[in-house]
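S.K.: Input my_file_32.csv, format and content: CSV, C-alpha atoms.
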```csv
chain,number,residue,atom,x,y,z
A,252,MET,CA,97.5,-159.9,49.9
A,253,THR,CA,98.4,-157.7,47.0
A,254,CYS,CA,95.7,-156.0,44.9
A,255,LYS,CA,95.8,-154.4,41.4
A,256,THR,CA,94.4,-151.1,42.5
A,257,ASN,CA,92.7,-148.8,40.0
A,258,TYR,CA,93.1,-145.3,41.3
A,259,SER,CA,90.9,-143.8,38.6
A,260,CYS,CA,87.7,-145.2,40.3
A,261,VAL,CA,84.9,-142.7,41.1
A,262,TYR,CA,85.1,-141.5,44.7
A,263,GLY,CA,82.3,-142.9,46.9
A,264,ARG,CA,81.2,-145.5,44.5
A,265,SER,CA,81.6,-149.3,44.8
A,266,VAL,CA,84.5,-150.8,43.0
A,267,SER,CA,86.0,-154.3,42.7
A,268,PHE,CA,89.7,-155.1,42.8
A,269,GLU,CA,91.4,-158.3,41.8
A,270,CYS,CA,93.7,-159.5,44.6
A,271,GLU,CA,96.2,-162.2,45.0
A,272,ALA,CA,97.1,-164.0,48.2
A,273,LYS,CA,100.8,-163.8,49.2
A,274,PRO,CA,102.9,-167.0,48.7
A,275,GLN,CA,102.9,-168.0,52.4
A,276,VAL,CA,99.1,-167.7,52.7
A,277,HIS,CA,96.8,-170.5,51.5
A,278,CYS,CA,93.1,-169.5,50.8
A,279,ILE,CA,90.6,-172.3,50.6
A,280,ASP,CA,87.0,-171.9,49.4
A,281,ARG,CA,84.8,-175.0,49.6
A,282,ASN,CA,87.8,-177.3,49.6
A,283,ASN,CA,89.3,-175.5,46.5
A,284,THR,CA,92.6,-173.7,46.8
A,285,GLN,CA,92.1,-170.1,45.6
A,286,LYS,CA,95.0,-167.8,44.5
A,287,THR,CA,93.1,-164.8,43.1
A,288,PHE,CA,89.8,-163.3,44.2
A,289,LEU,CA,87.8,-160.1,43.9
A,290,ILE,CA,87.3,-157.6,46.8
A,291,ASN,CA,84.5,-155.1,46.8
A,292,MET,CA,85.1,-151.8,48.5
A,293,THR,CA,84.1,-148.1,48.4
A,294,CYS,CA,86.5,-146.0,46.4
A,295,GLN,CA,88.2,-143.7,48.9
A,296,PHE,CA,91.6,-143.1,50.3
A,297,CYS,CA,92.6,-144.5,53.7
A,298,TRP,CA,92.7,-141.1,55.4
A,299,GLN,CA,89.1,-140.5,54.3
A,300,LEU,CA,87.7,-143.5,56.2
A,301,PRO,CA,85.3,-143.0,59.2
A,302,PRO,CA,87.1,-143.1,62.6
A,303,SER,CA,85.7,-146.5,63.4
A,304,ASN,CA,87.8,-148.0,60.6
A,305,TYR,CA,91.3,-147.1,61.9
A,306,LEU,CA,93.2,-146.9,65.2
A,307,CYS,CA,95.3,-143.8,66.2
A,308,SER,CA,98.1,-143.3,68.7
A,309,ASN,CA,97.3,-141.6,72.0
A,310,PRO,CA,98.4,-138.0,72.6
A,311,THR,CA,101.6,-137.4,74.5
A,312,ASN,CA,101.6,-133.6,74.6
A,313,CYS,CA,98.0,-132.7,75.6
A,314,LYS,CA,97.2,-130.8,78.7
A,315,THR,CA,94.0,-131.9,80.5
A,316,VAL,CA,92.8,-128.6,81.9
A,317,SER,CA,91.8,-125.5,80.1
A,318,CYS,CA,93.2,-126.1,76.6
A,319,PRO,CA,90.2,-125.9,74.3
A,320,GLN,CA,90.6,-126.8,70.7
A,321,GLU,CA,94.3,-127.9,71.1
A,322,ARG,CA,95.2,-130.5,68.6
A,323,TYR,CA,97.9,-133.2,68.2
A,324,THR,CA,99.3,-135.2,65.4
A,325,ALA,CA,98.4,-138.9,65.7
A,326,ASN,CA,99.7,-141.8,63.7
A,327,CYS,CA,96.7,-143.8,62.5
A,328,THR,CA,96.6,-147.3,61.0
A,329,VAL,CA,93.7,-148.9,59.1
A,330,ARG,CA,92.2,-152.0,60.6
A,331,ASP,CA,93.2,-155.2,58.9
A,332,HIS,CA,89.8,-156.1,57.5
A,333,ILE,CA,89.2,-152.7,55.9
A,334,HIS,CA,90.3,-152.0,52.3
A,335,CYS,CA,91.2,-148.5,51.0
A,336,LEU,CA,93.4,-146.7,48.5
A,337,GLY,CA,96.8,-145.4,49.5
A,338,ASN,CA,99.0,-145.9,52.6
A,339,ARG,CA,97.4,-147.9,55.4
A,340,THR,CA,99.3,-145.7,57.9
A,341,PHE,CA,98.8,-141.9,57.9
A,342,PRO,CA,99.0,-138.9,60.2
A,343,LYS,CA,95.9,-137.2,61.3
A,344,MET,CA,95.3,-134.0,63.4
A,345,LEU,CA,92.9,-134.9,66.3
A,346,TYR,CA,91.6,-132.8,69.2
A,347,CYS,CA,92.8,-133.3,72.7
A,348,ASN,CA,90.4,-134.4,75.4
A,349,TRP,CA,90.2,-131.7,78.0
A,350,THR,CA,88.1,-130.6,80.9
A,351,GLY,CA,86.8,-127.2,82.0
A,352,GLY,CA,86.2,-128.4,85.5
A,353,TYR,CA,82.5,-129.4,85.2
A,354,LYS,CA,81.5,-132.5,87.3
A,355,TRP,CA,78.9,-134.9,85.9
A,356,SER,CA,77.7,-135.7,89.5
A,357,THR,CA,77.0,-132.0,90.2
A,358,ALA,CA,75.2,-131.6,86.9
A,359,LEU,CA,73.0,-134.6,87.6
A,360,ALA,CA,72.3,-133.5,91.2
A,361,LEU,CA,71.3,-130.1,90.0
A,362,SER,CA,69.1,-131.6,87.3
A,363,ILE,CA,67.3,-133.8,89.8
A,364,THR,CA,66.8,-131.1,92.6
A,365,LEU,CA,66.7,-127.8,90.8
A,366,GLY,CA,66.1,-128.8,87.2
A,367,GLY,CA,62.7,-127.2,87.0
A,368,PHE,CA,64.4,-123.8,87.5
A,369,GLY,CA,67.1,-124.5,84.9
A,370,ALA,CA,70.0,-124.7,87.4
A,371,ASP,CA,71.5,-127.7,85.5
A,372,ARG,CA,71.6,-125.9,82.2
A,373,PHE,CA,73.0,-122.7,83.8
A,374,TYR,CA,75.7,-124.8,85.5
A,375,LEU,CA,76.7,-126.3,82.1
A,376,GLY,CA,76.9,-122.9,80.5
A,377,GLN,CA,73.8,-123.3,78.5
A,378,TRP,CA,72.1,-120.1,79.7
A,379,ARG,CA,69.5,-119.8,76.9
A,380,GLU,CA,68.1,-123.3,77.7
A,381,GLY,CA,68.4,-122.4,81.4
A,382,LEU,CA,66.2,-119.3,80.8
A,383,GLY,CA,63.7,-121.4,78.9
A,384,LYS,CA,63.4,-123.9,81.7
A,385,LEU,CA,63.2,-121.2,84.3
A,386,PHE,CA,60.3,-119.3,82.6
A,387,SER,CA,58.4,-122.5,81.6
A,388,PHE,CA,58.9,-124.2,85.0
A,389,GLY,CA,61.0,-126.9,83.4
A,390,GLY,CA,58.6,-127.3,80.6
A,391,LEU,CA,55.9,-128.1,83.2
A,392,GLY,CA,58.2,-130.9,84.4
A,393,ILE,CA,58.6,-132.7,81.1
A,394,TRP,CA,61.7,-130.9,80.1
A,395,THR,CA,63.1,-131.5,83.6
A,396,LEU,CA,62.6,-135.3,83.4
A,397,ILE,CA,64.1,-135.5,79.9
A,398,ASP,CA,67.1,-133.5,81.1
A,399,VAL,CA,67.7,-135.8,84.1
A,400,LEU,CA,67.8,-138.7,81.6
A,401,LEU,CA,70.0,-136.8,79.1
A,402,ILE,CA,72.5,-135.7,81.7
A,403,GLY,CA,72.4,-139.1,83.4
A,404,VAL,CA,73.6,-140.9,80.2
A,405,GLY,CA,76.1,-138.1,79.4
A,406,TYR,CA,74.3,-136.8,76.2
A,407,VAL,CA,74.1,-133.3,77.5
A,408,GLY,CA,77.5,-131.8,78.5
A,409,PRO,CA,79.3,-128.5,79.0
A,410,THR,CA,78.7,-125.9,76.3
A,411,ASP,CA,82.5,-125.3,75.9
A,412,GLY,CA,82.9,-128.8,74.5
A,413,SER,CA,85.0,-130.1,77.4
A,414,LEU,CA,84.6,-133.4,79.1
A,415,TYR,CA,83.2,-134.0,82.6
A,416,ILE,CA,85.7,-134.5,85.4
```
Starting from the coordinates I provided, produce the structure as structure tokens.

M.R.:
Amino acid sequence: MTCKTNYSCVYGRSVSFECEAKPQVHCIDRNNTQKTFLINMTCQFCWQLPPSNYLCSNPTNCKTVSCPQERYTANCTVRDHIHCLGNRTFPKMLYCNWTGGYKWSTALALSITLGGFGADRFYLGQWREGLGKLFSFGGLGIWTLIDVLLIGVGYVGPTDGSLYI
């Protein structure tokens, strides 16, 4: 479809655009053929959309070990059902996924066995929380149970921002 886009809309506000179906597309609404219609959308450029509204290419030059904060240029394309201003394909700088060598299974085992002494938090590089657990005996067991759950589902991870092995 082609739309008459008004680029002077107010950013973040709802706006309606009049669109027309391409000649090879036939739109039918309640048994009536429709050529033009209104589309409601939020006024923003395609590159400003949340990540769930576009797909990006995978990295080809990322290292997986010890490369914190390394970035790569990805080519991103807006999903078909999303409407936005500007080009539907755009470059975006994204962070590489990397690992610092921490194992999820080790963190979970430490949390279950020695979590009351903060061993799981020390292992993940979170020494302040580790000291808190150590001196409070794992929050009298409550903090330990919560950490087993949080590490088990992957919510708590290494402090350096890396992924588990």

S.K.: Would you mind listing what lies within 12 Å of Tyr323 (chain A) as an mmCIF file with C-alpha atoms, in the frame of the given file, with all atoms listed in the file counted and same-chain residues fewer than 4 positions away left out?

M.R.:
```
data_model
loop_
_atom_site.group_PDB
_atom_site.id
_atom_site.type_symbol
_atom_site.label_atom_id
_atom_site.label_comp_id
_atom_site.auth_asym_id
_atom_site.auth_seq_id
_atom_site.Cartn_x
_atom_site.Cartn_y
_atom_site.Cartn_z
ATOM 1 C CA CYS A 307 95.300 -143.800 66.200
ATOM 2 C CA SER A 308 98.100 -143.300 68.700
ATOM 3 C CA ASN A 309 97.300 -141.600 72.000
ATOM 4 C CA PRO A 310 98.400 -138.000 72.600
ATOM 5 C CA THR A 311 101.600 -137.400 74.500
ATOM 6 C CA ASN A 312 101.600 -133.600 74.600
ATOM 7 C CA CYS A 313 98.000 -132.700 75.600
ATOM 8 C CA LYS A 314 97.200 -130.800 78.700
ATOM 9 C CA CYS A 318 93.200 -126.100 76.600
ATOM 10 C CA PRO A 342 99.000 -138.900 60.200
ATOM 11 C CA LYS A 343 95.900 -137.200 61.300
ATOM 12 C CA MET A 344 95.300 -134.000 63.400
ATOM 13 C CA LEU A 345 92.900 -134.900 66.300
ATOM 14 C CA TYR A 346 91.600 -132.800 69.200
ATOM 15 C CA CYS A 347 92.800 -133.300 72.700
ATOM 16 C CA ASN A 348 90.400 -134.400 75.400
#
```

S.K.: Let me make sure I understand: among A:Ile363, A:Leu382, A:Leu375, A:Ala272, which one has the smallest atom-to-atom distance to Thr395 (chain A) if we use all atoms listed in the file?

M.R.: A:Ile363

S.K.: Tell me which of A:Thr364, A:Gln320, A:Ser267, A:Gln299 sits closest to Gly412 (chain A), counting all atoms listed in the file.

M.R.: A:Gln320

S.K.: CA of Asp411 (chain A) to CA of Leu385 (chain A): how many Å, to one decimal?

M.R.: 21.4 Å

S.K.: Using only C-alpha atoms, which residues sit within 8 Å of Val407 (chain A) once same-chain residues fewer than 4 positions away are excluded, as a PDB file with C-alpha atoms, in the coordinates of the input?

M.R.:
```pdb
ATOM      1  CA  ASP A 398      67.100-133.500  81.100  1.00  0.00           C
ATOM      2  CA  LEU A 401      70.000-136.800  79.100  1.00  0.00           C
ATOM      3  CA  ILE A 402      72.500-135.700  81.700  1.00  0.00           C
TER       4      ILE A 402
END
```

S.K.: Find the residues of region 260-279 of chain A that sit at most 8 Å from region 289-293 of chain A; for each, write down the nearest two atoms and how far apart they are in Å, to one decimal. Count all atoms listed in the file. Sort by chain, then by number going up, and give it as a Markdown table.

M.R.:
```
| residue | atom | partner | partner_atom | distance |
| --- | --- | --- | --- | --- |
| A:Tyr262 | CA | A:Thr293 | CA | 7.6 |
| A:Gly263 | CA | A:Thr293 | CA | 5.7 |
| A:Arg264 | CA | A:Thr293 | CA | 5.5 |
| A:Ser265 | CA | A:Thr293 | CA | 4.5 |
| A:Val266 | CA | A:Met292 | CA | 5.6 |
| A:Ser267 | CA | A:Asn291 | CA | 4.4 |
| A:Phe268 | CA | A:Ile290 | CA | 5.3 |
| A:Glu269 | CA | A:Leu289 | CA | 4.5 |
| A:Cys270 | CA | A:Leu289 | CA | 6.0 |
```

S.K.: Could you write out that same residue set with C-alpha atoms as a short mmCIF file (atom, residue, chain, number, x, y, z; two decimals), in the coordinates of the input?

M.R.:
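Result file follows (selection25.cif):
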```cif
data_model
loop_
_atom_site.label_atom_id
_atom_site.label_comp_id
_atom_site.auth_asym_id
_atom_site.auth_seq_id
_atom_site.Cartn_x
_atom_site.Cartn_y
_atom_site.Cartn_z
CA TYR A 262 85.10 -141.50 44.70
CA GLY A 263 82.30 -142.90 46.90
CA ARG A 264 81.20 -145.50 44.50
CA SER A 265 81.60 -149.30 44.80
CA VAL A 266 84.50 -150.80 43.00
CA SER A 267 86.00 -154.30 42.70
CA PHE A 268 89.70 -155.10 42.80
CA GLU A 269 91.40 -158.30 41.80
CA CYS A 270 93.70 -159.50 44.60
#
```

S.K.: Looking at A:Ser303, A:Tyr374, A:Gln275, A:Thr287, which one is nearest to Gly351 (chain A), with distances taken over only C-alpha atoms?

M.R.: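 Of A:Ser303, A:Tyr374, A:Gln275, A:Thr287, the one nearest Gly351 (chain A), counting only C-alpha atoms, is A:Tyr374.
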
S.K.: What does the structure give for the distance between CA of Phe386 (chain A) and CA of Phe368 (chain A), in Å to one decimal?

M.R.: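 Computing it gives 7.8 Å between the two atoms.
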
S.K.: What is the distance, in Å and to one decimal place, between CA of Tyr353 (chain A) and CA of Val399 (chain A)?

M.R.: 16.2 Å

S.K.: Could you give me, as a list in words, the residues that sit within 12 Å of (76.5, -132.1, 91.7) in the file's coordinates, counting all atoms listed in the file?

M.R.: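 Every residue inside that radius is included here: Tyr353, Lys354, Trp355, Ser356, Thr357, Ala358, Leu359, Ala360, Leu361, Ser362, Ile363, Thr364, Leu365, Gly366, Ala370, Asp371, Tyr374, Leu375, Ile402, Gly403, Tyr415 and Ile416 of chain A.
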
S.K.: Hey, what's within 12 Å of Arg339 (chain A) if we count only C-alpha atoms and toss same-chain stuff fewer than 6 positions away? As a list in words, please?

M.R.: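 These residues fall inside the cut-off: Phe296, Cys297, Trp298, Gln299, Leu300, Asn304, Tyr305, Leu306, Cys307, Asn326, Cys327, Thr328, Val329, Arg330, Asp331, His332 and Ile333 of chain A.
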
S.K.: May I have the residues within 10 Å of Val276 (chain A) as a PyMOL selection string, using only C-alpha atoms and disregarding those fewer than 4 positions away in the same chain?

M.R.: chain A and resi 252+271-272+286

S.K.: Kindly indicate which residue among A:His334, A:Tyr258, A:Ala325, A:Thr253 lies nearest to Pro274 (chain A), using all atoms listed in the file for the distances.

M.R.: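 Ranked by minimum distance to Pro274 (chain A), first place goes to A:Thr253.
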
S.K.: Considering all atoms listed in the file, state which residue in the set A:Thr340, A:Thr410, A:Thr324, A:Gln285 is at the smallest distance from Phe373 (chain A).

M.R.: A:Thr410
